[in-house]
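Have a look at target.cif below; it lists mmCIF, C-alpha atoms and all ligand atoms.
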```cif
data_final
#
loop_
_atom_site.group_PDB
_atom_site.id
_atom_site.type_symbol
_atom_site.label_atom_id
_atom_site.label_comp_id
_atom_site.auth_asym_id
_atom_site.auth_seq_id
_atom_site.Cartn_x
_atom_site.Cartn_y
_atom_site.Cartn_z
ATOM 1 C CA MET A 1 111.560 104.646 108.490
ATOM 2 C CA ARG A 2 114.790 102.910 109.528
ATOM 3 C CA PRO A 3 115.576 102.131 113.162
ATOM 4 C CA TYR A 4 118.576 104.182 114.354
ATOM 5 C CA LYS A 5 119.051 101.752 117.224
ATOM 6 C CA ALA A 6 118.128 98.168 118.062
ATOM 7 C CA VAL A 7 118.396 96.628 121.519
ATOM 8 C CA LEU A 8 118.430 92.841 121.607
ATOM 9 C CA THR A 9 118.017 90.932 124.872
ATOM 10 C CA VAL A 10 118.454 87.165 124.994
ATOM 11 C CA LEU A 11 115.582 86.056 127.205
ATOM 12 C CA VAL A 12 116.189 82.321 126.849
ATOM 13 C CA ASP A 13 119.314 80.429 125.873
ATOM 14 C CA ASP A 14 120.743 77.051 126.909
ATOM 15 C CA TYR A 15 123.464 78.820 128.875
ATOM 16 C CA THR A 16 123.487 81.566 131.418
ATOM 17 C CA SER A 17 126.431 83.348 132.945
ATOM 18 C CA THR A 18 124.349 85.876 134.804
ATOM 19 C CA SER A 19 123.379 84.910 138.328
ATOM 20 C CA GLY A 20 119.657 84.927 139.000
ATOM 21 C CA LEU A 21 118.699 84.026 135.433
ATOM 22 C CA LEU A 22 117.636 80.633 134.087
ATOM 23 C CA GLY A 23 119.127 78.675 131.202
ATOM 24 C CA GLU A 24 116.818 76.331 129.277
ATOM 25 C CA HIS A 25 117.321 74.315 126.101
ATOM 26 C CA GLY A 26 115.658 76.779 123.756
ATOM 27 C CA LEU A 27 115.840 80.278 122.386
ATOM 28 C CA SER A 28 113.985 83.554 122.762
ATOM 29 C CA ILE A 29 115.253 87.005 121.840
ATOM 30 C CA HIS A 30 113.490 90.276 122.606
ATOM 31 C CA ILE A 31 114.044 93.008 120.006
ATOM 32 C CA GLU A 32 113.455 96.727 120.591
ATOM 33 C CA LEU A 33 113.541 98.976 117.547
ATOM 34 C CA TYR A 34 114.027 102.723 117.981
ATOM 35 C CA THR A 35 112.763 105.007 115.234
ATOM 36 C CA ASP A 36 112.267 108.785 115.366
ATOM 37 C CA ASN A 37 108.726 108.670 116.637
ATOM 38 C CA ARG A 38 108.372 105.390 118.499
ATOM 39 C CA ILE A 39 109.881 102.270 120.025
ATOM 40 C CA GLU A 40 108.541 98.973 118.711
ATOM 41 C CA SER A 41 109.099 95.577 120.331
ATOM 42 C CA ILE A 42 108.909 92.140 118.798
ATOM 43 C CA LEU A 43 109.846 88.707 120.070
ATOM 44 C CA PHE A 44 111.790 86.113 118.116
ATOM 45 C CA ASP A 45 110.979 82.609 119.447
ATOM 46 C CA THR A 46 109.641 81.831 122.906
ATOM 47 C CA GLY A 47 111.906 79.220 124.535
ATOM 48 C CA GLN A 48 110.777 75.740 125.552
ATOM 49 C CA SER A 49 108.348 76.458 128.399
ATOM 50 C CA ASP A 50 106.792 79.242 130.419
ATOM 51 C CA LYS A 51 109.516 78.890 133.035
ATOM 52 C CA ALA A 52 112.641 80.632 131.744
ATOM 53 C CA ILE A 53 110.850 83.255 129.661
ATOM 54 C CA LYS A 54 108.685 84.278 132.615
ATOM 55 C CA HIS A 55 111.468 84.313 135.196
ATOM 56 C CA ASN A 56 114.087 85.973 132.988
ATOM 57 C CA SER A 57 111.774 88.659 131.564
ATOM 58 C CA ASP A 58 110.660 89.513 135.123
ATOM 59 C CA VAL A 59 114.251 89.745 136.398
ATOM 60 C CA LEU A 60 115.434 91.718 133.351
ATOM 61 C CA GLY A 61 112.457 94.089 133.451
ATOM 62 C CA ILE A 62 111.304 93.204 129.923
ATOM 63 C CA ASP A 63 107.596 93.902 129.459
ATOM 64 C CA LEU A 64 106.294 91.076 127.253
ATOM 65 C CA GLU A 65 102.913 92.774 126.936
ATOM 66 C CA SER A 66 104.502 95.579 124.923
ATOM 67 C CA ILE A 67 105.502 93.263 122.080
ATOM 68 C CA LYS A 68 103.576 93.728 118.853
ATOM 69 C CA THR A 69 104.433 90.493 117.087
ATOM 70 C CA VAL A 70 105.988 87.110 117.823
ATOM 71 C CA VAL A 71 108.062 85.667 114.981
ATOM 72 C CA LEU A 72 108.756 81.921 115.203
ATOM 73 C CA SER A 73 111.883 80.539 113.528
ATOM 74 C CA HIS A 74 110.353 77.042 113.069
ATOM 75 C CA ARG A 75 107.974 74.624 114.754
ATOM 76 C CA HIS A 76 110.291 72.810 117.182
ATOM 77 C CA TYR A 77 109.203 72.746 120.840
ATOM 78 C CA ASP A 78 112.278 74.546 122.150
ATOM 79 C CA HIS A 79 111.277 77.669 120.142
ATOM 80 C CA THR A 80 107.490 77.486 120.471
ATOM 81 C CA GLY A 81 106.894 76.144 124.016
ATOM 82 C CA GLY A 82 106.621 79.576 125.664
ATOM 83 C CA LEU A 83 103.956 80.760 123.220
ATOM 84 C CA LEU A 84 100.935 79.777 125.329
ATOM 85 C CA TYR A 85 102.269 81.759 128.296
ATOM 86 C CA ILE A 86 102.527 84.905 126.148
ATOM 87 C CA ALA A 87 99.144 84.292 124.466
ATOM 88 C CA LYS A 88 97.490 84.027 127.905
ATOM 89 C CA LYS A 89 99.079 87.320 128.971
ATOM 90 C CA PHE A 90 97.515 89.036 125.966
ATOM 91 C CA TYR A 91 94.184 87.282 126.480
ATOM 92 C CA ASP A 92 94.056 88.389 130.130
ATOM 93 C CA ARG A 93 94.205 92.047 129.117
ATOM 94 C CA ASN A 94 91.783 91.551 126.237
ATOM 95 C CA SER A 95 94.245 92.030 123.414
ATOM 96 C CA ARG A 96 95.369 89.920 120.528
ATOM 97 C CA LEU A 97 98.794 88.407 119.913
ATOM 98 C CA ILE A 98 100.016 88.219 116.314
ATOM 99 C CA VAL A 99 102.291 85.306 115.430
ATOM 100 C CA VAL A 100 104.227 85.158 112.166
ATOM 101 C CA SER A 101 105.544 81.789 111.039
ATOM 102 C CA HIS A 102 105.510 79.191 108.254
ATOM 103 C CA PRO A 103 102.424 77.169 107.154
ATOM 104 C CA TRP A 104 104.147 74.055 108.572
ATOM 105 C CA LEU A 105 103.915 75.436 112.127
ATOM 106 C CA PHE A 106 101.415 72.763 113.214
ATOM 107 C CA LYS A 107 102.725 69.897 111.079
ATOM 108 C CA PRO A 108 103.931 66.841 113.057
ATOM 109 C CA SER A 109 107.635 66.873 113.823
ATOM 110 C CA LEU A 110 109.560 63.820 114.968
ATOM 111 C CA TYR A 111 113.182 63.045 115.644
ATOM 112 C CA ILE A 112 114.087 59.359 115.303
ATOM 113 C CA SER A 113 117.502 58.515 116.720
ATOM 114 C CA GLU A 114 119.881 55.819 115.452
ATOM 115 C CA ASN A 115 118.541 53.372 118.064
ATOM 116 C CA ARG A 116 115.000 53.989 116.672
ATOM 117 C CA GLN A 117 113.806 56.019 119.633
ATOM 118 C CA SER A 118 111.190 58.470 118.429
ATOM 119 C CA LEU A 119 110.670 61.892 119.986
ATOM 120 C CA ASP A 120 107.843 64.313 119.306
ATOM 121 C CA ILE A 121 109.620 67.660 118.914
ATOM 122 C CA GLY A 122 106.854 69.790 117.378
ATOM 123 C CA ILE A 123 104.946 72.722 118.810
ATOM 124 C CA PRO A 124 103.277 71.448 122.011
ATOM 125 C CA TYR A 125 99.929 73.254 121.429
ATOM 126 C CA THR A 126 97.142 72.971 118.892
ATOM 127 C CA ARG A 127 96.209 75.934 116.739
ATOM 128 C CA GLN A 128 92.733 75.813 118.264
ATOM 129 C CA LEU A 129 94.024 76.154 121.827
ATOM 130 C CA LEU A 130 96.154 79.176 120.926
ATOM 131 C CA GLU A 131 93.316 80.766 118.956
ATOM 132 C CA ASN A 132 91.061 80.310 121.992
ATOM 133 C CA TYR A 133 93.445 82.775 123.661
ATOM 134 C CA ASN A 134 92.975 85.350 120.870
ATOM 135 C CA THR A 135 96.149 84.483 118.988
ATOM 136 C CA ARG A 136 96.107 85.389 115.313
ATOM 137 C CA PHE A 137 98.423 83.486 112.973
ATOM 138 C CA ILE A 138 100.012 84.844 109.822
ATOM 139 C CA LEU A 139 101.533 81.753 108.216
ATOM 140 C CA VAL A 140 103.604 82.514 105.118
ATOM 141 C CA ARG A 141 106.337 80.948 103.019
ATOM 142 C CA ALA A 142 107.477 84.253 101.554
ATOM 143 C CA PRO A 143 109.471 86.951 103.352
ATOM 144 C CA LEU A 144 107.347 89.458 105.237
ATOM 145 C CA GLN A 145 108.105 92.830 106.779
ATOM 146 C CA VAL A 146 107.009 92.693 110.440
ATOM 147 C CA ALA A 147 108.300 96.027 111.811
ATOM 148 C CA PRO A 148 110.305 99.022 110.502
ATOM 149 C CA ARG A 149 112.998 97.540 108.203
ATOM 150 C CA THR A 150 112.577 94.196 110.014
ATOM 151 C CA PHE A 151 111.849 91.069 108.000
ATOM 152 C CA TYR A 152 110.666 87.534 108.650
ATOM 153 C CA LEU A 153 112.887 85.832 106.070
ATOM 154 C CA GLY A 154 110.515 83.100 104.841
ATOM 155 C CA GLU A 155 111.665 79.852 103.265
ATOM 156 C CA ILE A 156 115.421 79.958 102.938
ATOM 157 C CA ARG A 157 117.202 79.342 99.641
ATOM 158 C CA ARG A 158 119.738 76.628 100.539
ATOM 159 C CA GLU A 159 122.818 77.655 98.572
ATOM 160 C CA LEU A 160 125.112 75.822 100.983
ATOM 161 C CA ASP A 161 123.895 72.213 100.929
ATOM 162 C CA VAL A 162 122.845 71.322 104.476
ATOM 163 C CA SER A 163 120.640 68.327 103.597
ATOM 164 C CA LYS A 164 122.848 65.820 105.429
ATOM 165 C CA TYR A 165 122.338 67.698 108.692
ATOM 166 C CA THR A 166 118.559 67.208 108.754
ATOM 167 C CA GLN A 167 118.823 63.408 108.779
ATOM 168 C CA GLY A 168 116.727 61.927 111.601
ATOM 169 C CA PHE A 169 113.968 64.537 111.315
ATOM 170 C CA TYR A 170 110.596 63.297 110.062
ATOM 171 C CA THR A 171 107.102 64.544 109.479
ATOM 172 C CA VAL A 172 103.782 62.776 108.853
ATOM 173 C CA LEU A 173 101.799 63.403 105.667
ATOM 174 C CA ASP A 174 98.000 63.795 105.693
ATOM 175 C CA THR A 175 97.898 60.169 104.451
ATOM 176 C CA GLY A 176 99.625 59.071 107.671
ATOM 177 C CA GLU A 177 102.894 58.270 105.917
ATOM 178 C CA LEU A 178 106.120 59.023 107.806
ATOM 179 C CA VAL A 179 108.568 60.896 105.545
ATOM 180 C CA PRO A 180 111.934 62.641 106.002
ATOM 181 C CA ASP A 181 111.654 66.321 106.886
ATOM 182 C CA ASN A 182 114.257 68.845 105.764
ATOM 183 C CA ILE A 183 112.493 71.436 107.959
ATOM 184 C CA PRO A 184 111.459 73.860 105.173
ATOM 185 C CA ASP A 185 109.878 76.081 107.822
ATOM 186 C CA ASP A 186 113.242 76.918 109.376
ATOM 187 C CA THR A 187 114.021 80.603 108.903
ATOM 188 C CA GLY A 188 115.254 83.715 110.654
ATOM 189 C CA ILE A 189 114.669 87.406 111.091
ATOM 190 C CA ALA A 190 116.705 90.355 109.817
ATOM 191 C CA LEU A 191 116.641 93.965 110.896
ATOM 192 C CA GLU A 192 118.424 96.920 109.440
ATOM 193 C CA VAL A 193 119.955 99.589 111.658
ATOM 194 C CA GLU A 194 120.614 102.963 110.031
ATOM 195 C CA GLY A 195 124.262 103.433 109.132
ATOM 196 C CA LEU A 196 125.302 100.063 110.584
ATOM 197 C CA GLY A 197 123.841 97.368 108.362
ATOM 198 C CA THR A 198 121.795 94.240 108.849
ATOM 199 C CA ILE A 199 121.505 92.146 112.003
ATOM 200 C CA VAL A 200 120.515 88.527 111.301
ATOM 201 C CA ILE A 201 119.055 86.093 113.835
ATOM 202 C CA GLY A 202 118.583 82.368 113.304
ATOM 203 C CA GLY A 203 116.625 80.071 115.637
ATOM 204 C CA CYS A 204 118.033 76.559 115.133
ATOM 205 C CA SER A 205 119.337 77.329 111.629
ATOM 206 C CA HIS A 206 118.451 73.890 110.234
ATOM 207 C CA SER A 207 118.385 75.680 106.863
ATOM 208 C CA GLY A 208 121.990 76.773 107.431
ATOM 209 C CA ILE A 209 123.016 80.003 109.149
ATOM 210 C CA ALA A 210 125.107 80.918 106.078
ATOM 211 C CA ASN A 211 121.989 80.534 103.899
ATOM 212 C CA ILE A 212 119.925 82.590 106.363
ATOM 213 C CA ALA A 213 122.567 85.357 106.325
ATOM 214 C CA LEU A 214 122.695 85.298 102.495
ATOM 215 C CA GLN A 215 118.904 85.607 102.312
ATOM 216 C CA ALA A 216 118.931 88.469 104.835
ATOM 217 C CA ALA A 217 121.515 90.318 102.730
ATOM 218 C CA ARG A 218 119.396 89.804 99.590
ATOM 219 C CA ILE A 219 116.224 91.062 101.246
ATOM 220 C CA THR A 220 117.675 94.081 103.059
ATOM 221 C CA ASN A 221 120.261 94.811 100.340
ATOM 222 C CA LYS A 222 122.729 95.882 103.020
ATOM 223 C CA ARG A 223 126.002 94.659 104.473
ATOM 224 C CA VAL A 224 125.473 92.123 107.273
ATOM 225 C CA HIS A 225 126.904 93.568 110.470
ATOM 226 C CA ALA A 226 126.116 90.770 112.935
ATOM 227 C CA VAL A 227 124.764 87.226 112.996
ATOM 228 C CA LEU A 228 123.350 85.566 116.076
ATOM 229 C CA GLY A 229 121.255 82.638 117.263
ATOM 230 C CA GLY A 230 121.440 78.866 117.462
ATOM 231 C CA PHE A 231 123.444 77.453 114.532
ATOM 232 C CA HIS A 232 122.929 73.669 114.966
ATOM 233 C CA MET A 233 126.415 73.027 113.603
ATOM 234 C CA ASN A 234 127.933 70.307 115.750
ATOM 235 C CA LYS A 235 127.654 67.673 113.015
ATOM 236 C CA TYR A 236 128.937 70.039 110.302
ATOM 237 C CA SER A 237 132.078 68.925 108.506
ATOM 238 C CA LEU A 238 135.062 71.185 109.082
ATOM 239 C CA GLU A 239 134.750 72.238 105.422
ATOM 240 C CA ASP A 240 131.146 73.369 105.923
ATOM 241 C CA ILE A 241 132.052 75.348 109.053
ATOM 242 C CA LYS A 242 134.886 77.011 107.114
ATOM 243 C CA GLU A 243 132.538 77.703 104.194
ATOM 244 C CA THR A 244 130.030 79.291 106.590
ATOM 245 C CA VAL A 245 132.748 81.573 107.965
ATOM 246 C CA ARG A 246 133.862 82.429 104.422
ATOM 247 C CA ILE A 247 130.286 83.445 103.539
ATOM 248 C CA PHE A 248 130.092 85.551 106.731
ATOM 249 C CA ARG A 249 133.328 87.315 105.686
ATOM 250 C CA ASP A 250 132.022 87.954 102.153
ATOM 251 C CA LEU A 251 128.879 89.519 103.628
ATOM 252 C CA GLY A 252 130.986 91.827 105.825
ATOM 253 C CA VAL A 253 130.001 90.269 109.163
ATOM 254 C CA GLU A 254 131.806 91.859 112.110
ATOM 255 C CA LYS A 255 130.301 89.926 115.032
ATOM 256 C CA VAL A 256 128.958 86.389 115.447
ATOM 257 C CA TYR A 257 127.039 85.513 118.624
ATOM 258 C CA ALA A 258 126.532 81.739 118.775
ATOM 259 C CA GLY A 259 124.243 80.083 121.279
ATOM 260 C CA HIS A 260 121.481 77.560 121.881
ATOM 261 C CA CYS A 261 122.055 74.456 119.682
ATOM 262 C CA THR A 262 125.312 75.554 118.007
ATOM 263 C CA GLY A 263 127.178 72.745 119.808
ATOM 264 C CA PRO A 264 130.501 72.755 121.730
ATOM 265 C CA ARG A 265 132.676 71.429 118.894
ATOM 266 C CA ALA A 266 131.299 73.949 116.414
ATOM 267 C CA GLU A 267 131.602 76.764 118.959
ATOM 268 C CA ARG A 268 135.276 75.936 119.526
ATOM 269 C CA ILE A 269 136.004 75.886 115.790
ATOM 270 C CA LEU A 270 134.030 79.088 115.156
ATOM 271 C CA GLY A 271 135.975 80.737 117.986
ATOM 272 C CA GLU A 272 139.285 79.675 116.413
ATOM 273 C CA LEU A 273 138.288 80.821 112.919
ATOM 274 C CA LEU A 274 136.604 84.085 113.894
ATOM 275 C CA GLY A 275 138.843 85.241 116.775
ATOM 276 C CA GLU A 276 137.566 88.475 118.318
ATOM 277 C CA LYS A 277 134.507 88.460 116.088
ATOM 278 C CA TYR A 278 133.142 85.422 117.961
ATOM 279 C CA VAL A 279 131.051 85.769 121.136
ATOM 280 C CA LYS A 280 129.211 83.055 123.038
ATOM 281 C CA MET A 281 125.553 83.811 123.679
ATOM 282 C CA TYR A 282 123.777 83.358 127.037
ATOM 283 C CA SER A 283 120.468 84.096 128.801
ATOM 284 C CA GLY A 284 120.520 87.756 129.789
ATOM 285 C CA MET A 285 122.957 88.908 127.090
ATOM 286 C CA LYS A 286 122.032 92.429 125.978
ATOM 287 C CA LEU A 287 123.290 93.902 122.713
ATOM 288 C CA VAL A 288 122.845 97.491 121.627
ATOM 289 C CA PHE A 289 123.276 98.110 117.918
ATOM 290 C CA SER A 290 123.519 101.709 116.752
ATOM 291 C CA GLN A 291 125.655 103.734 114.406
HETATM 292 FE FE FE A 301 116.393 74.658 118.708
HETATM 293 FE FE FE A 302 115.083 72.942 115.773
#
```
Please re-express this file's structure in structure tokens.
Ligand SMILES: [Fe+2]
Ligand SMILES: [Fe+2]
Amino acid sequence: MRPYKAVLTVLVDDYTSTSGLLGEHGLSIHIELYTDNRIESILFDTGQSDKAIKHNSDVLGIDLESIKTVVLSHRHYDHTGGLLYIAKKFYDRNSRLIVVSHPWLFKPSLYISENRQSLDIGIPYTRQLLENYNTRFILVRAPLQVAPRTFYLGEIRRELDVSKYTQGFYTVLDTGELVPDNIPDDTGIALEVEGLGTIVIGGCSHSGIANIALQAARITNKRVHAVLGGFHMNKYSLEDIKETVRIFRDLGVEKVYAGHCTGPRAERILGELLGEKYVKMYSGMKLVFSQ
């Protein structure tokens, strides 16, 4: 059964233009899918902490306990930090939270800057702690359907080469060796709305938002109507930004909502290239997609 309507609410973004809501470096998007006999809710990413997701969902009247599944775009703290808050909510009412993500979810994640400062940017909780609160993990590399015509996209085929933009990211092997990390866990979610096409959401898009959109089109086999999320594009060459926009055009994209880590330079260029199709994302932004 295909959703005839999807309502997306940005619960956490770096920016907010709505008074009374919090901005936080991170991302969380609530997705409501309307089919003929039910409404299903899922959550894509959880923000950085319990602060913004709690405050903003309360103010916006979003019931986090009604979500069926949390899908995590990748293991960085600004997408996974709110997970414990949600797990505890489920635990308190004796139910079980299902989390879909990549097998690298608990792998160490470091960012080492040019002046050799090292930051731990991985998920801030152990698997054991989250499981103590009844959380059940489905960790997969392959795409997985998580709701009606809604897909966790799995490891992304990197047709546009984005390898130079993951420099500085490292992981630690089981042997203890520090090695470069191209963030293979980075992915997105795609949902298909009847008569409209596919909506694609990226978290940080370290795997390239163009690659995520291409994979979404392959999996849903539909025109891509809209792309949103954090695009992590500030270091992109102008050529790669233009190539991304060209791929969006080829896929039939009509709206691009850029937020979180997209970066001010990239946002300005995307705005110039996309014109009216470009919209800046913010905490509290609500989008209704229907035919
Ligand atoms: Fe991020
Ligand atoms: Fe990230």
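Residue nearest ligand FE 302 (chain A), chosen from A:Leu153, A:Val227, A:Ile53, A:Leu27 and counting only C-alpha atoms and all ligand atoms: A:Leu27.
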Problem set entry | Residues selected by the PyMOL selection byres (((chain A and resi 76) around 9) and not hetatm), written as a count of residues only | 16
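Among the candidates A:Thr16, A:Ser290, A:Ser28, A:Asn94, the residue lying nearest to ligand FE 301 (chain A) is A:Ser28 (atoms considered: all atoms listed in the file).
Proximity ranking of A:Leu22, A:Ile241, A:Val172, A:Ile247 relative to A:Pro108 places A:Val172 first, based on all atoms listed in the file.
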For this session: Apply the PyMOL selection byres (((chain A and resi 212) around 8) and not hetatm) to the displayed file and report the matching residues as a ChimeraX atom specification.
Result: /A:153,156-157,187-188,200,202,205,207-211,213-216
Exercise. Using all atoms listed in the file, which residues sit within 12 Å of A:Val59 once same-chain residues fewer than 2 positions away are excluded, as an NGL selection string?
Worked result: :A and (11 or 18-22 or 52-57 or 61-63 or 283-284)
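Distance check against A:Lys255 using all atoms listed in the file: of A:Ile42, A:Leu33, A:Val279, A:Met233, the minimum falls on A:Val279.
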Exercise. If you measure from atom CA of A:Ala217 to atom CA of A:Phe151, what distance in Å do you get, rounded to one decimal?
Worked result: 11.0 Å
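Using the PyMOL selection byres (((chain A and resi 183) around 8) and not hetatm) on this structure selects A:His74, A:Thr166, A:Phe169, A:Asp181, A:Asn182, A:Pro184, A:Asp185, A:Asp186, A:His206, A:Ser207.
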For this session: Give me the residues within 6 Å of stretch 96-104 of chain A as number ranges by chain, counting all atoms listed in the file and dropping any in the same chain fewer than 6 places off.
Result: A: 69-72, 90, 134-141, 185
Exercise. Which is closest to A:Met281 among A:Gly176, A:Gly229, A:Pro264, A:Gly197, if we use all atoms listed in the file?
Worked result: A:Gly229
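Atom CA of A:Leu196 to atom CA of A:Val245 spans 20.1 Å [interatomic distance, one decimal].
Across the model, the gap from atom CA of A:Tyr133 to atom CA of A:Pro148 is 26.9 Å.
Among the candidates A:Gly23, A:Gly168, A:Gly230, A:Pro3, the residue lying nearest to ligand FE 302 (chain A) is A:Gly230 (atoms considered: all atoms listed in the file).
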For this session: Find the residues around stretch 39-41 of chain A up to 7 Å (all atoms listed in the file counted), leave out those fewer than 2 positions away in its own chain, and share them as a list in words.
Result: Ile31, Glu32, Leu33, Tyr34, Thr35, Leu43, Ser66, Ile67 and Lys68 of chain A
Could you turn the residues from that selection into a file that holds C-alpha atoms, as a PDB file, in the coordinates of the input?
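Ended up saving to selection-v7.pdb:
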```pdb
ATOM      1  CA  ILE A  31     114.044  93.008 120.006  1.00  0.00           C
ATOM      2  CA  GLU A  32     113.455  96.727 120.591  1.00  0.00           C
ATOM      3  CA  LEU A  33     113.541  98.976 117.547  1.00  0.00           C
ATOM      4  CA  TYR A  34     114.027 102.723 117.981  1.00  0.00           C
ATOM      5  CA  THR A  35     112.763 105.007 115.234  1.00  0.00           C
ATOM      6  CA  LEU A  43     109.846  88.707 120.070  1.00  0.00           C
ATOM      7  CA  SER A  66     104.502  95.579 124.923  1.00  0.00           C
ATOM      8  CA  ILE A  67     105.502  93.263 122.080  1.00  0.00           C
ATOM      9  CA  LYS A  68     103.576  93.728 118.853  1.00  0.00           C
TER      10      LYS A  68
END
```
